[in-house]
There are 2 protein chains.
Amino acid sequence: MFQAFDKNITTYLELSLQESELVHHYFQHKTYPKKTLLLKPGQVCNFEAYLLNGCVKKYYIDQDANETILQFAVEDWWVSDIASFCQQIPSRLYIETMEETELLQINYQEKELLFKQVPKLERVFRLLVQRSYSVLEDRFFTVITDSAEARYLNFVKKYPMLPQRVPQYQIASYLGITPEALSRIKASLSHKK
Amino acid sequence: MFQAFDKNITTYLELSLQESELVHHYFQHKTYPKKTLLLKPGQVCNFEAYLLNGCVKKYYIDQDANETILQFAVEDWWVSDIASFCQQIPSRLYIETMEETELLQINYQEKELLFKQVPKLERVFRLLVQRSYSVLEDRFFTVITDSAEARYLNFVKKYPMLPQRVPQYQIASYLGITPEALSRIKASLSHKK
DNA sequence: CGAAAATTTGACATGACTCAACTGGAGTGG
DNA sequence: CCACTCCAGTTGAGTCATGTCAAATTTTCG
């Protein structure tokens, strides 16, 4: 069960067997059915989770009730509301399973305990945050720079499996456009071909 | 000289006098004239810097030669290309001083040495990255959600001193709009009043 | 003072949004 | 097995915010 998880961790840092076992001890194994809300606005996000399988979306709903998807996560990805979790402040986000989802999660208190026992994990989590930062920066660039069409092409290139797993209107939400706009983009692309 | 710097660090973590002195030892004090390029695309970013005074911009130029400003930094802010620095990969960004700028900087090798001697600094830098992440996430939300006018209002509310220090077309670039658009937004806002 | 840079204004083009109607497939129940 | 409903996706018409290009004006600074 911890195989993929360990592999993920060791891309950042080698751990001894004892350390590794301590880590396993602190991470809780959970399975959630489809459409479970793991986090709601107002709550303090109390988990950092590694996905063993399944799929979750992290999104946000603005004043006009528009849902904007910030992130999809599938197997071997991490999910959390970093800002809320790390600073223990109320979140503005929803995190919701889109399929039955199995994950390994740790809460704030336990993570701090784990850090005390294996300080070099600070490094792993610093690197994880840094990677999230890079991904977000990338995302930000494309929103600022690229047209909706370019963003869509970029998306399918980067995550070719996702269009098969998530409905199109949610991809539109991820891209920051309306479902109608995405439908038109797809139509125009297939004409070009 | 290290007074503001120490205060900045200790918002994250208390350090002993010895630790503090070690930190000071590793950070280099530098002064750069206006319009100095601290980083160019293709280079690996080799600094993480704390601004004592002055002002820098971090930006990116796309295929169509449009400049998009990612961040302004002034006194008491940190600046670096996190992705490039942390992963030691070539950057896509420019970092440039907009005024004569005094800063404390550390390079990758020395930062690693410092971490070896004061491991708990891993924590400080993890928290710093987390804060950058939150700021970027905020930025991302507003770009996706808000109109150009709302983004501008948001900007002046958050950074009231910046419009006086940086030219308007660069603020437009930060907001992700053209200088003409910003000019019109300002005109329309002053009519409303 | 004069040149270069920044800002404003105007005219026009366009990408994406809204709202509404229509299509098609998936499930449900009689 | 068909009729019904529901929901995602598509298509059309009109609107609006922002972009582009060009010119005029103002500001900055050597």
# chains A, B, ... in the order shown; residues from 1 in each chain; ligands from 1

$ select_by_dssp --residues "region 69-124 of chain A" --states "strand (DSSP E)" --output "ChimeraX atom specification"
/A:69-74,78-79,94-97,101-106

$ residues_around --residues "Leu13 (chain B)" --least-positions-apart "4" --cutoff "9 Å" --atoms "only C-alpha atoms (C1' of nucleotides)" --output "PyMOL selection string"
chain B and resi 9+120-121+123-124

$ residues_around --residues "DT28 (chain D)" --least-positions-apart "4" --cutoff "10 Å" --atoms "only C-alpha atoms (C1' of nucleotides)" --output "number ranges by chain"
C: 4-6

$ interface_residues --of "chain A" --to "chain B" --cutoff "10 Å" --atoms "only C-alpha atoms" --output "PDB file with N, CA and C atoms, in the first residue's frame"
ATOM      1  N   TYR A  60     -13.543  26.571  -5.887  1.00  0.00           N
ATOM      2  CA  TYR A  60     -13.864  27.770  -5.135  1.00  0.00           C
ATOM      3  C   TYR A  60     -15.088  28.378  -5.790  1.00  0.00           C
ATOM      4  N   ILE A  61     -16.000  28.882  -4.987  1.00  0.00           N
ATOM      5  CA  ILE A  61     -17.229  29.460  -5.528  1.00  0.00           C
ATOM      6  C   ILE A  61     -17.284  30.939  -5.177  1.00  0.00           C
ATOM      7  N   ASP A  62     -17.405  31.773  -6.191  1.00  0.00           N
ATOM      8  CA  ASP A  62     -17.356  33.217  -5.928  1.00  0.00           C
ATOM      9  C   ASP A  62     -18.743  33.795  -5.648  1.00  0.00           C
ATOM     10  N   GLN A  63     -18.799  35.105  -5.437  1.00  0.00           N
ATOM     11  CA  GLN A  63     -20.055  35.791  -5.099  1.00  0.00           C
ATOM     12  C   GLN A  63     -21.190  35.439  -6.065  1.00  0.00           C
ATOM     13  N   ASP A  64     -20.843  35.314  -7.346  1.00  0.00           N
ATOM     14  CA  ASP A  64     -21.866  35.058  -8.354  1.00  0.00           C
ATOM     15  C   ASP A  64     -22.145  33.567  -8.532  1.00  0.00           C
ATOM     16  N   ASN A  66     -20.245  31.209  -9.256  1.00  0.00           N
ATOM     17  CA  ASN A  66     -19.450  30.510 -10.271  1.00  0.00           C
ATOM     18  C   ASN A  66     -18.427  29.621  -9.599  1.00  0.00           C
ATOM     19  N   GLU A  67     -18.392  28.389 -10.043  1.00  0.00           N
ATOM     20  CA  GLU A  67     -17.390  27.464  -9.535  1.00  0.00           C
ATOM     21  C   GLU A  67     -16.122  27.564 -10.389  1.00  0.00           C
ATOM     22  N   THR A  68     -15.009  27.762  -9.749  1.00  0.00           N
ATOM     23  CA  THR A  68     -13.731  27.743 -10.458  1.00  0.00           C
ATOM     24  C   THR A  68     -12.876  26.623  -9.906  1.00  0.00           C
ATOM     25  N   LEU A  70      -9.582  24.818  -9.218  1.00  0.00           N
ATOM     26  CA  LEU A  70      -8.181  25.184  -9.083  1.00  0.00           C
ATOM     27  C   LEU A  70      -7.283  24.028  -9.447  1.00  0.00           C
ATOM     28  N   ASP A  81      -5.429  22.205   1.092  1.00  0.00           N
ATOM     29  CA  ASP A  81      -5.433  23.652   0.923  1.00  0.00           C
ATOM     30  C   ASP A  81      -4.229  24.155   1.691  1.00  0.00           C
ATOM     31  N   ILE A  82      -3.153  24.344   0.974  1.00  0.00           N
ATOM     32  CA  ILE A  82      -1.871  24.655   1.599  1.00  0.00           C
ATOM     33  C   ILE A  82      -1.971  25.861   2.524  1.00  0.00           C
ATOM     34  N   ALA A  83      -2.595  26.919   2.037  1.00  0.00           N
ATOM     35  CA  ALA A  83      -2.675  28.136   2.849  1.00  0.00           C
ATOM     36  C   ALA A  83      -3.415  27.858   4.150  1.00  0.00           C
ATOM     37  N   SER A  84      -4.561  27.198   4.041  1.00  0.00           N
ATOM     38  CA  SER A  84      -5.367  26.924   5.219  1.00  0.00           C
ATOM     39  C   SER A  84      -4.677  25.948   6.167  1.00  0.00           C
ATOM     40  N   CYS A  86      -1.400  25.080   6.426  1.00  0.00           N
ATOM     41  CA  CYS A  86      -0.128  25.501   7.004  1.00  0.00           C
ATOM     42  C   CYS A  86      -0.280  26.623   8.005  1.00  0.00           C
ATOM     43  N   GLN A  87      -1.216  27.529   7.715  1.00  0.00           N
ATOM     44  CA  GLN A  87      -1.389  28.641   8.645  1.00  0.00           C
ATOM     45  C   GLN A  87      -2.548  28.390   9.595  1.00  0.00           C
ATOM     46  N   PHE A 115       7.418  15.850  12.296  1.00  0.00           N
ATOM     47  CA  PHE A 115       8.573  16.716  12.036  1.00  0.00           C
ATOM     48  C   PHE A 115       9.543  16.689  13.201  1.00  0.00           C
ATOM     49  N   PRO A 119      13.122  15.378  11.615  1.00  0.00           N
ATOM     50  CA  PRO A 119      13.198  16.775  11.155  1.00  0.00           C
ATOM     51  C   PRO A 119      13.483  16.905   9.665  1.00  0.00           C
ATOM     52  N   LYS A 120      14.176  15.943   9.108  1.00  0.00           N
ATOM     53  CA  LYS A 120      14.524  16.147   7.706  1.00  0.00           C
ATOM     54  C   LYS A 120      13.314  16.077   6.783  1.00  0.00           C
ATOM     55  N   LEU A 121      12.179  15.688   7.351  1.00  0.00           N
ATOM     56  CA  LEU A 121      10.956  15.736   6.542  1.00  0.00           C
ATOM     57  C   LEU A 121      10.511  17.168   6.252  1.00  0.00           C
ATOM     58  N   GLU A 122      10.949  18.089   7.102  1.00  0.00           N
ATOM     59  CA  GLU A 122      10.685  19.503   6.792  1.00  0.00           C
ATOM     60  C   GLU A 122      11.087  19.757   5.346  1.00  0.00           C
ATOM     61  N   ARG A 123      12.189  19.152   4.993  1.00  0.00           N
ATOM     62  CA  ARG A 123      12.721  19.334   3.651  1.00  0.00           C
ATOM     63  C   ARG A 123      11.775  18.787   2.588  1.00  0.00           C
ATOM     64  N   VAL A 124      11.292  17.582   2.830  1.00  0.00           N
ATOM     65  CA  VAL A 124      10.376  16.962   1.866  1.00  0.00           C
ATOM     66  C   VAL A 124       9.174  17.867   1.636  1.00  0.00           C
ATOM     67  N   PHE A 125       8.626  18.364   2.733  1.00  0.00           N
ATOM     68  CA  PHE A 125       7.415  19.161   2.587  1.00  0.00           C
ATOM     69  C   PHE A 125       7.709  20.552   2.044  1.00  0.00           C
ATOM     70  N   ARG A 126       8.891  21.038   2.299  1.00  0.00           N
ATOM     71  CA  ARG A 126       9.275  22.288   1.658  1.00  0.00           C
ATOM     72  C   ARG A 126       9.343  22.080   0.145  1.00  0.00           C
ATOM     73  N   LEU A 127       9.934  20.970  -0.253  1.00  0.00           N
ATOM     74  CA  LEU A 127      10.054  20.688  -1.681  1.00  0.00           C
ATOM     75  C   LEU A 127       8.687  20.450  -2.320  1.00  0.00           C
ATOM     76  N   LEU A 128       7.808  19.814  -1.574  1.00  0.00           N
ATOM     77  CA  LEU A 128       6.455  19.608  -2.091  1.00  0.00           C
ATOM     78  C   LEU A 128       5.740  20.940  -2.316  1.00  0.00           C
ATOM     79  N   VAL A 129       5.858  21.813  -1.338  1.00  0.00           N
ATOM     80  CA  VAL A 129       5.225  23.129  -1.494  1.00  0.00           C
ATOM     81  C   VAL A 129       5.845  23.854  -2.677  1.00  0.00           C
ATOM     82  N   GLN A 130       7.152  23.736  -2.803  1.00  0.00           N
ATOM     83  CA  GLN A 130       7.825  24.396  -3.917  1.00  0.00           C
ATOM     84  C   GLN A 130       7.310  23.885  -5.249  1.00  0.00           C
ATOM     85  N   ARG A 131       7.081  22.591  -5.307  1.00  0.00           N
ATOM     86  CA  ARG A 131       6.569  22.041  -6.554  1.00  0.00           C
ATOM     87  C   ARG A 131       5.168  22.542  -6.834  1.00  0.00           C
ATOM     88  N   SER A 132       4.348  22.580  -5.801  1.00  0.00           N
ATOM     89  CA  SER A 132       3.003  23.142  -5.977  1.00  0.00           C
ATOM     90  C   SER A 132       3.101  24.576  -6.460  1.00  0.00           C
ATOM     91  N   TYR A 133       4.061  25.278  -5.913  1.00  0.00           N
ATOM     92  CA  TYR A 133       4.243  26.666  -6.302  1.00  0.00           C
ATOM     93  C   TYR A 133       4.553  26.765  -7.790  1.00  0.00           C
ATOM     94  N   SER A 134       5.468  25.928  -8.248  1.00  0.00           N
ATOM     95  CA  SER A 134       5.839  25.935  -9.674  1.00  0.00           C
ATOM     96  C   SER A 134       4.641  25.648 -10.557  1.00  0.00           C
ATOM     97  N   VAL A 135       3.854  24.663 -10.152  1.00  0.00           N
ATOM     98  CA  VAL A 135       2.689  24.286 -10.939  1.00  0.00           C
ATOM     99  C   VAL A 135       1.715  25.461 -11.025  1.00  0.00           C
ATOM    100  N   LEU A 136       1.501  26.097  -9.874  1.00  0.00           N
ATOM    101  CA  LEU A 136       0.577  27.231  -9.837  1.00  0.00           C
ATOM    102  C   LEU A 136       1.103  28.393 -10.680  1.00  0.00           C
ATOM    103  N   GLU A 137       2.403  28.603 -10.622  1.00  0.00           N
ATOM    104  CA  GLU A 137       3.019  29.690 -11.385  1.00  0.00           C
ATOM    105  C   GLU A 137       2.791  29.463 -12.877  1.00  0.00           C
ATOM    106  N   ARG A 139       0.424  27.743 -14.215  1.00  0.00           N
ATOM    107  CA  ARG A 139      -0.998  27.944 -14.419  1.00  0.00           C
ATOM    108  C   ARG A 139      -1.288  29.418 -14.564  1.00  0.00           C
ATOM    109  N   PHE A 140      -0.684  30.196 -13.708  1.00  0.00           N
ATOM    110  CA  PHE A 140      -0.889  31.631 -13.722  1.00  0.00           C
ATOM    111  C   PHE A 140      -0.405  32.238 -15.039  1.00  0.00           C
ATOM    112  N   PHE A 141       0.777  31.820 -15.473  1.00  0.00           N
ATOM    113  CA  PHE A 141       1.313  32.288 -16.751  1.00  0.00           C
ATOM    114  C   PHE A 141       0.330  32.052 -17.882  1.00  0.00           C
ATOM    115  N   VAL A 143      -2.862  31.546 -17.865  1.00  0.00           N
ATOM    116  CA  VAL A 143      -4.085  32.340 -17.790  1.00  0.00           C
ATOM    117  C   VAL A 143      -3.841  33.769 -18.264  1.00  0.00           C
ATOM    118  N   ILE A 144      -2.740  34.329 -17.833  1.00  0.00           N
ATOM    119  CA  ILE A 144      -2.417  35.710 -18.206  1.00  0.00           C
ATOM    120  C   ILE A 144      -2.085  35.807 -19.697  1.00  0.00           C
ATOM    121  N   THR A 145      -1.339  34.872 -20.174  1.00  0.00           N
ATOM    122  CA  THR A 145      -0.715  34.989 -21.499  1.00  0.00           C
ATOM    123  C   THR A 145      -1.551  34.387 -22.614  1.00  0.00           C
ATOM    124  N   ASP A 146      -2.086  33.198 -22.398  1.00  0.00           N
ATOM    125  CA  ASP A 146      -2.657  32.437 -23.500  1.00  0.00           C
ATOM    126  C   ASP A 146      -4.145  32.681 -23.685  1.00  0.00           C
ATOM    127  N   SER A 173     -14.347  25.011 -16.365  1.00  0.00           N
ATOM    128  CA  SER A 173     -14.178  25.728 -15.109  1.00  0.00           C
ATOM    129  C   SER A 173     -12.703  25.819 -14.725  1.00  0.00           C
ATOM    130  N   TYR A 174     -11.992  24.727 -14.951  1.00  0.00           N
ATOM    131  CA  TYR A 174     -10.550  24.721 -14.674  1.00  0.00           C
ATOM    132  C   TYR A 174      -9.829  25.732 -15.564  1.00  0.00           C
ATOM    133  N   LEU A 175     -10.264  25.815 -16.812  1.00  0.00           N
ATOM    134  CA  LEU A 175      -9.607  26.719 -17.760  1.00  0.00           C
ATOM    135  C   LEU A 175     -10.013  28.173 -17.562  1.00  0.00           C
ATOM    136  N   GLY A 176     -11.041  28.381 -16.736  1.00  0.00           N
ATOM    137  CA  GLY A 176     -11.494  29.741 -16.476  1.00  0.00           C
ATOM    138  C   GLY A 176     -12.402  30.274 -17.566  1.00  0.00           C
ATOM    139  N   ILE A 177     -13.119  29.403 -18.247  1.00  0.00           N
ATOM    140  CA  ILE A 177     -14.060  29.846 -19.274  1.00  0.00           C
ATOM    141  C   ILE A 177     -15.411  29.165 -19.052  1.00  0.00           C
TER     142      ILE A 177
END

$ closest_residue --among "B:Asn46, B:Ser16, B:Thr11, B:Ser147" --to "chain D" --atoms "only C-alpha atoms (C1' of nucleotides)"
B:Ser147

$ interface_residues --of "chain B" --to "chain D" --cutoff "12 Å" --atoms "only C-alpha atoms (C1' of nucleotides)" --output "PyMOL selection string"
chain B and resi 146-149+167+176-182+184-185

$ interface_residues --of "chain C" --to "chain A" --cutoff "12 Å" --atoms "only C-alpha atoms (C1' of nucleotides)" --output "list in words"
DG15, DA16, DC17, DT18 and DC19 of chain C

$ write_last_selection --atoms "N, CA and C atoms (P, O5', C5', C4', C3', O3' and C1' of nucleotides)" --output "PDB file, in the first residue's frame"
ATOM      1  P    DG C  15     -10.997  36.637 -32.129  1.00  0.00           P
ATOM      2  O5'  DG C  15     -10.751  36.071 -30.667  1.00  0.00           O
ATOM      3  C5'  DG C  15     -10.014  36.835 -29.724  1.00  0.00           C
ATOM      4  C4'  DG C  15     -10.665  36.718 -28.367  1.00  0.00           C
ATOM      5  C3'  DG C  15     -11.210  35.331 -28.040  1.00  0.00           C
ATOM      6  O3'  DG C  15     -10.874  35.091 -26.689  1.00  0.00           O
ATOM      7  C1'  DG C  15     -12.972  36.914 -27.935  1.00  0.00           C
ATOM      8  P    DA C  16     -10.999  33.624 -26.093  1.00  0.00           P
ATOM      9  O5'  DA C  16     -12.217  33.735 -25.092  1.00  0.00           O
ATOM     10  C5'  DA C  16     -12.149  34.706 -24.058  1.00  0.00           C
ATOM     11  C4'  DA C  16     -13.537  35.038 -23.579  1.00  0.00           C
ATOM     12  C3'  DA C  16     -14.400  33.823 -23.236  1.00  0.00           C
ATOM     13  O3'  DA C  16     -14.737  33.896 -21.864  1.00  0.00           O
ATOM     14  C1'  DA C  16     -15.612  35.435 -24.486  1.00  0.00           C
ATOM     15  P    DC C  17     -15.889  33.066 -21.188  1.00  0.00           P
ATOM     16  O5'  DC C  17     -17.114  34.090 -21.127  1.00  0.00           O
ATOM     17  C5'  DC C  17     -16.925  35.374 -20.510  1.00  0.00           C
ATOM     18  C4'  DC C  17     -18.276  36.024 -20.296  1.00  0.00           C
ATOM     19  C3'  DC C  17     -19.320  35.075 -19.738  1.00  0.00           C
ATOM     20  O3'  DC C  17     -20.059  35.680 -18.686  1.00  0.00           O
ATOM     21  C1'  DC C  17     -20.046  35.948 -21.824  1.00  0.00           C
ATOM     22  P    DT C  18     -21.209  34.802 -17.961  1.00  0.00           P
ATOM     23  O5'  DT C  18     -22.571  35.276 -18.649  1.00  0.00           O
ATOM     24  C5'  DT C  18     -22.850  36.668 -18.806  1.00  0.00           C
ATOM     25  C4'  DT C  18     -24.220  36.818 -19.430  1.00  0.00           C
ATOM     26  C3'  DT C  18     -25.265  35.830 -18.874  1.00  0.00           C
ATOM     27  O3'  DT C  18     -26.451  36.542 -18.594  1.00  0.00           O
ATOM     28  C1'  DT C  18     -25.117  35.627 -21.245  1.00  0.00           C
ATOM     29  P    DC C  19     -27.629  35.887 -17.721  1.00  0.00           P
ATOM     30  O5'  DC C  19     -28.729  35.524 -18.817  1.00  0.00           O
ATOM     31  C5'  DC C  19     -28.974  36.436 -19.889  1.00  0.00           C
ATOM     32  C4'  DC C  19     -29.779  35.743 -20.966  1.00  0.00           C
ATOM     33  C3'  DC C  19     -30.714  34.639 -20.453  1.00  0.00           C
ATOM     34  O3'  DC C  19     -31.964  34.790 -21.093  1.00  0.00           O
ATOM     35  C1'  DC C  19     -29.364  33.811 -22.188  1.00  0.00           C
TER      36       DC C  19
END

$ atom_distance --atom1 "CA of Glu48 (chain A)" --atom2 "CA of Tyr12 (chain A)"
16.7 Å

$ atom_distance --atom1 "CA of Tyr50 (chain A)" --atom2 "CA of His29 (chain A)"
9.6 Å

$ atom_distance --atom1 "CA of Trp78 (chain A)" --atom2 "CA of Leu51 (chain A)"
6.2 Å

$ select_by_dssp --residues "region 22-140 of chain B" --states "alpha helix (DSSP H)" --output "VMD selection string"
chain B and resid 22 to 26 82 to 87 108 to 117 121 to 140

$ write_last_selection --atoms "C-alpha atoms" --output "short mmCIF file (atom, residue, chain, number, x, y, z; two decimals), in the first residue's frame"
data_model
loop_
_atom_site.label_atom_id
_atom_site.label_comp_id
_atom_site.auth_asym_id
_atom_site.auth_seq_id
_atom_site.Cartn_x
_atom_site.Cartn_y
_atom_site.Cartn_z
CA LEU B 22 25.53 32.17 11.52
CA VAL B 23 22.65 33.29 9.40
CA HIS B 24 24.08 36.78 9.12
CA HIS B 25 27.38 35.30 8.09
CA TYR B 26 25.85 33.49 5.15
CA ILE B 82 11.61 29.88 -6.47
CA ALA B 83 11.25 27.22 -9.15
CA SER B 84 14.63 27.95 -10.69
CA PHE B 85 16.47 28.41 -7.41
CA CYS B 86 15.11 25.41 -5.59
CA GLN B 87 15.37 22.97 -8.43
CA TYR B 108 22.11 27.80 -3.29
CA GLN B 109 25.30 26.20 -2.00
CA GLU B 110 25.53 28.46 1.01
CA LYS B 111 21.88 27.98 1.79
CA GLU B 112 22.43 24.23 1.87
CA LEU B 113 25.45 24.70 4.14
CA LEU B 114 23.43 26.93 6.38
CA PHE B 115 20.65 24.35 6.54
CA LYS B 116 23.19 21.75 7.61
CA GLN B 117 24.31 23.94 10.45
CA LEU B 121 15.84 27.02 9.09
CA GLU B 122 14.32 24.49 6.72
CA ARG B 123 11.17 25.44 8.51
CA VAL B 124 11.58 29.16 7.96
CA PHE B 125 12.07 28.68 4.26
CA ARG B 126 9.23 26.23 4.01
CA LEU B 127 7.00 28.84 5.60
CA LEU B 128 8.32 31.50 3.26
CA VAL B 129 7.52 29.37 0.24
CA GLN B 130 4.09 28.67 1.68
CA ARG B 131 3.47 32.35 2.03
CA SER B 132 4.55 32.96 -1.56
CA TYR B 133 2.20 30.20 -2.55
CA SER B 134 -0.73 31.85 -0.79
CA VAL B 135 0.03 35.19 -2.40
CA LEU B 136 0.18 33.58 -5.83
CA GLU B 137 -3.02 31.66 -5.22
CA ASP B 138 -4.76 34.90 -4.32
CA ARG B 139 -3.41 36.48 -7.44
CA PHE B 140 -4.65 33.57 -9.49
#

$ closest_residue --among "A:Asn154, A:Tyr159, A:Phe27, A:Leu39" --to "Pro90 (chain A)" --atoms "only C-alpha atoms"
A:Leu39

$ decode --residues "region 95-118 of chain B" --atoms "N, CA and C atoms" --output "PDB file, in the first residue's frame"
ATOM      1  N   ILE B  95      14.513  39.248 -13.373  1.00  0.00           N
ATOM      2  CA  ILE B  95      14.354  39.992 -12.129  1.00  0.00           C
ATOM      3  C   ILE B  95      15.224  41.222 -12.264  1.00  0.00           C
ATOM      4  N   GLU B  96      14.637  42.373 -12.049  1.00  0.00           N
ATOM      5  CA  GLU B  96      15.330  43.625 -12.370  1.00  0.00           C
ATOM      6  C   GLU B  96      15.039  44.681 -11.324  1.00  0.00           C
ATOM      7  N   THR B  97      16.077  45.418 -10.939  1.00  0.00           N
ATOM      8  CA  THR B  97      15.863  46.505  -9.979  1.00  0.00           C
ATOM      9  C   THR B  97      15.210  47.682 -10.692  1.00  0.00           C
ATOM     10  N   MET B  98      14.294  48.343  -9.982  1.00  0.00           N
ATOM     11  CA  MET B  98      13.628  49.514 -10.565  1.00  0.00           C
ATOM     12  C   MET B  98      14.115  50.788  -9.901  1.00  0.00           C
ATOM     13  N   GLU B  99      14.830  50.603  -8.806  1.00  0.00           N
ATOM     14  CA  GLU B  99      15.451  51.725  -8.109  1.00  0.00           C
ATOM     15  C   GLU B  99      16.792  51.179  -7.616  1.00  0.00           C
ATOM     16  N   GLU B 100      17.632  52.046  -7.068  1.00  0.00           N
ATOM     17  CA  GLU B 100      18.817  51.520  -6.402  1.00  0.00           C
ATOM     18  C   GLU B 100      18.322  50.631  -5.269  1.00  0.00           C
ATOM     19  N   THR B 101      18.875  49.456  -5.186  1.00  0.00           N
ATOM     20  CA  THR B 101      18.307  48.471  -4.277  1.00  0.00           C
ATOM     21  C   THR B 101      19.378  47.798  -3.430  1.00  0.00           C
ATOM     22  N   GLU B 102      19.094  47.723  -2.148  1.00  0.00           N
ATOM     23  CA  GLU B 102      20.014  47.135  -1.181  1.00  0.00           C
ATOM     24  C   GLU B 102      19.373  45.839  -0.687  1.00  0.00           C
ATOM     25  N   LEU B 103      20.136  44.761  -0.750  1.00  0.00           N
ATOM     26  CA  LEU B 103      19.519  43.510  -0.310  1.00  0.00           C
ATOM     27  C   LEU B 103      20.496  42.557   0.353  1.00  0.00           C
ATOM     28  N   LEU B 104      19.938  41.574   1.021  1.00  0.00           N
ATOM     29  CA  LEU B 104      20.725  40.509   1.639  1.00  0.00           C
ATOM     30  C   LEU B 104      20.428  39.242   0.864  1.00  0.00           C
ATOM     31  N   GLN B 105      21.486  38.643   0.321  1.00  0.00           N
ATOM     32  CA  GLN B 105      21.207  37.490  -0.523  1.00  0.00           C
ATOM     33  C   GLN B 105      22.043  36.282  -0.137  1.00  0.00           C
ATOM     34  N   ILE B 106      21.496  35.132  -0.463  1.00  0.00           N
ATOM     35  CA  ILE B 106      22.211  33.881  -0.200  1.00  0.00           C
ATOM     36  C   ILE B 106      22.105  33.033  -1.445  1.00  0.00           C
ATOM     37  N   ASN B 107      23.158  32.263  -1.740  1.00  0.00           N
ATOM     38  CA  ASN B 107      23.080  31.413  -2.930  1.00  0.00           C
ATOM     39  C   ASN B 107      22.760  29.971  -2.523  1.00  0.00           C
ATOM     40  N   TYR B 108      22.595  29.150  -3.528  1.00  0.00           N
ATOM     41  CA  TYR B 108      22.109  27.796  -3.286  1.00  0.00           C
ATOM     42  C   TYR B 108      23.052  26.993  -2.400  1.00  0.00           C
ATOM     43  N   GLN B 109      24.330  27.002  -2.738  1.00  0.00           N
ATOM     44  CA  GLN B 109      25.304  26.200  -2.002  1.00  0.00           C
ATOM     45  C   GLN B 109      25.372  26.644  -0.545  1.00  0.00           C
ATOM     46  N   GLU B 110      25.408  27.947  -0.354  1.00  0.00           N
ATOM     47  CA  GLU B 110      25.529  28.462   1.008  1.00  0.00           C
ATOM     48  C   GLU B 110      24.249  28.208   1.809  1.00  0.00           C
ATOM     49  N   LYS B 111      23.147  28.253   1.106  1.00  0.00           N
ATOM     50  CA  LYS B 111      21.884  27.985   1.792  1.00  0.00           C
ATOM     51  C   LYS B 111      21.873  26.547   2.291  1.00  0.00           C
ATOM     52  N   GLU B 112      22.361  25.638   1.453  1.00  0.00           N
ATOM     53  CA  GLU B 112      22.427  24.231   1.865  1.00  0.00           C
ATOM     54  C   GLU B 112      23.368  24.074   3.060  1.00  0.00           C
ATOM     55  N   LEU B 113      24.509  24.749   3.008  1.00  0.00           N
ATOM     56  CA  LEU B 113      25.445  24.702   4.141  1.00  0.00           C
ATOM     57  C   LEU B 113      24.785  25.225   5.407  1.00  0.00           C
ATOM     58  N   LEU B 114      24.108  26.328   5.237  1.00  0.00           N
ATOM     59  CA  LEU B 114      23.430  26.934   6.377  1.00  0.00           C
ATOM     60  C   LEU B 114      22.382  25.979   6.960  1.00  0.00           C
ATOM     61  N   PHE B 115      21.639  25.327   6.079  1.00  0.00           N
ATOM     62  CA  PHE B 115      20.649  24.348   6.536  1.00  0.00           C
ATOM     63  C   PHE B 115      21.315  23.234   7.334  1.00  0.00           C
ATOM     64  N   LYS B 116      22.487  22.816   6.885  1.00  0.00           N
ATOM     65  CA  LYS B 116      23.189  21.745   7.608  1.00  0.00           C
ATOM     66  C   LYS B 116      23.545  22.188   9.011  1.00  0.00           C
ATOM     67  N   GLN B 117      23.903  23.455   9.133  1.00  0.00           N
ATOM     68  CA  GLN B 117      24.314  23.942  10.452  1.00  0.00           C
ATOM     69  C   GLN B 117      23.127  24.359  11.312  1.00  0.00           C
ATOM     70  N   VAL B 118      22.095  24.857  10.684  1.00  0.00           N
ATOM     71  CA  VAL B 118      20.897  25.268  11.439  1.00  0.00           C
ATOM     72  C   VAL B 118      19.665  24.651  10.770  1.00  0.00           C
TER      73      VAL B 118
END
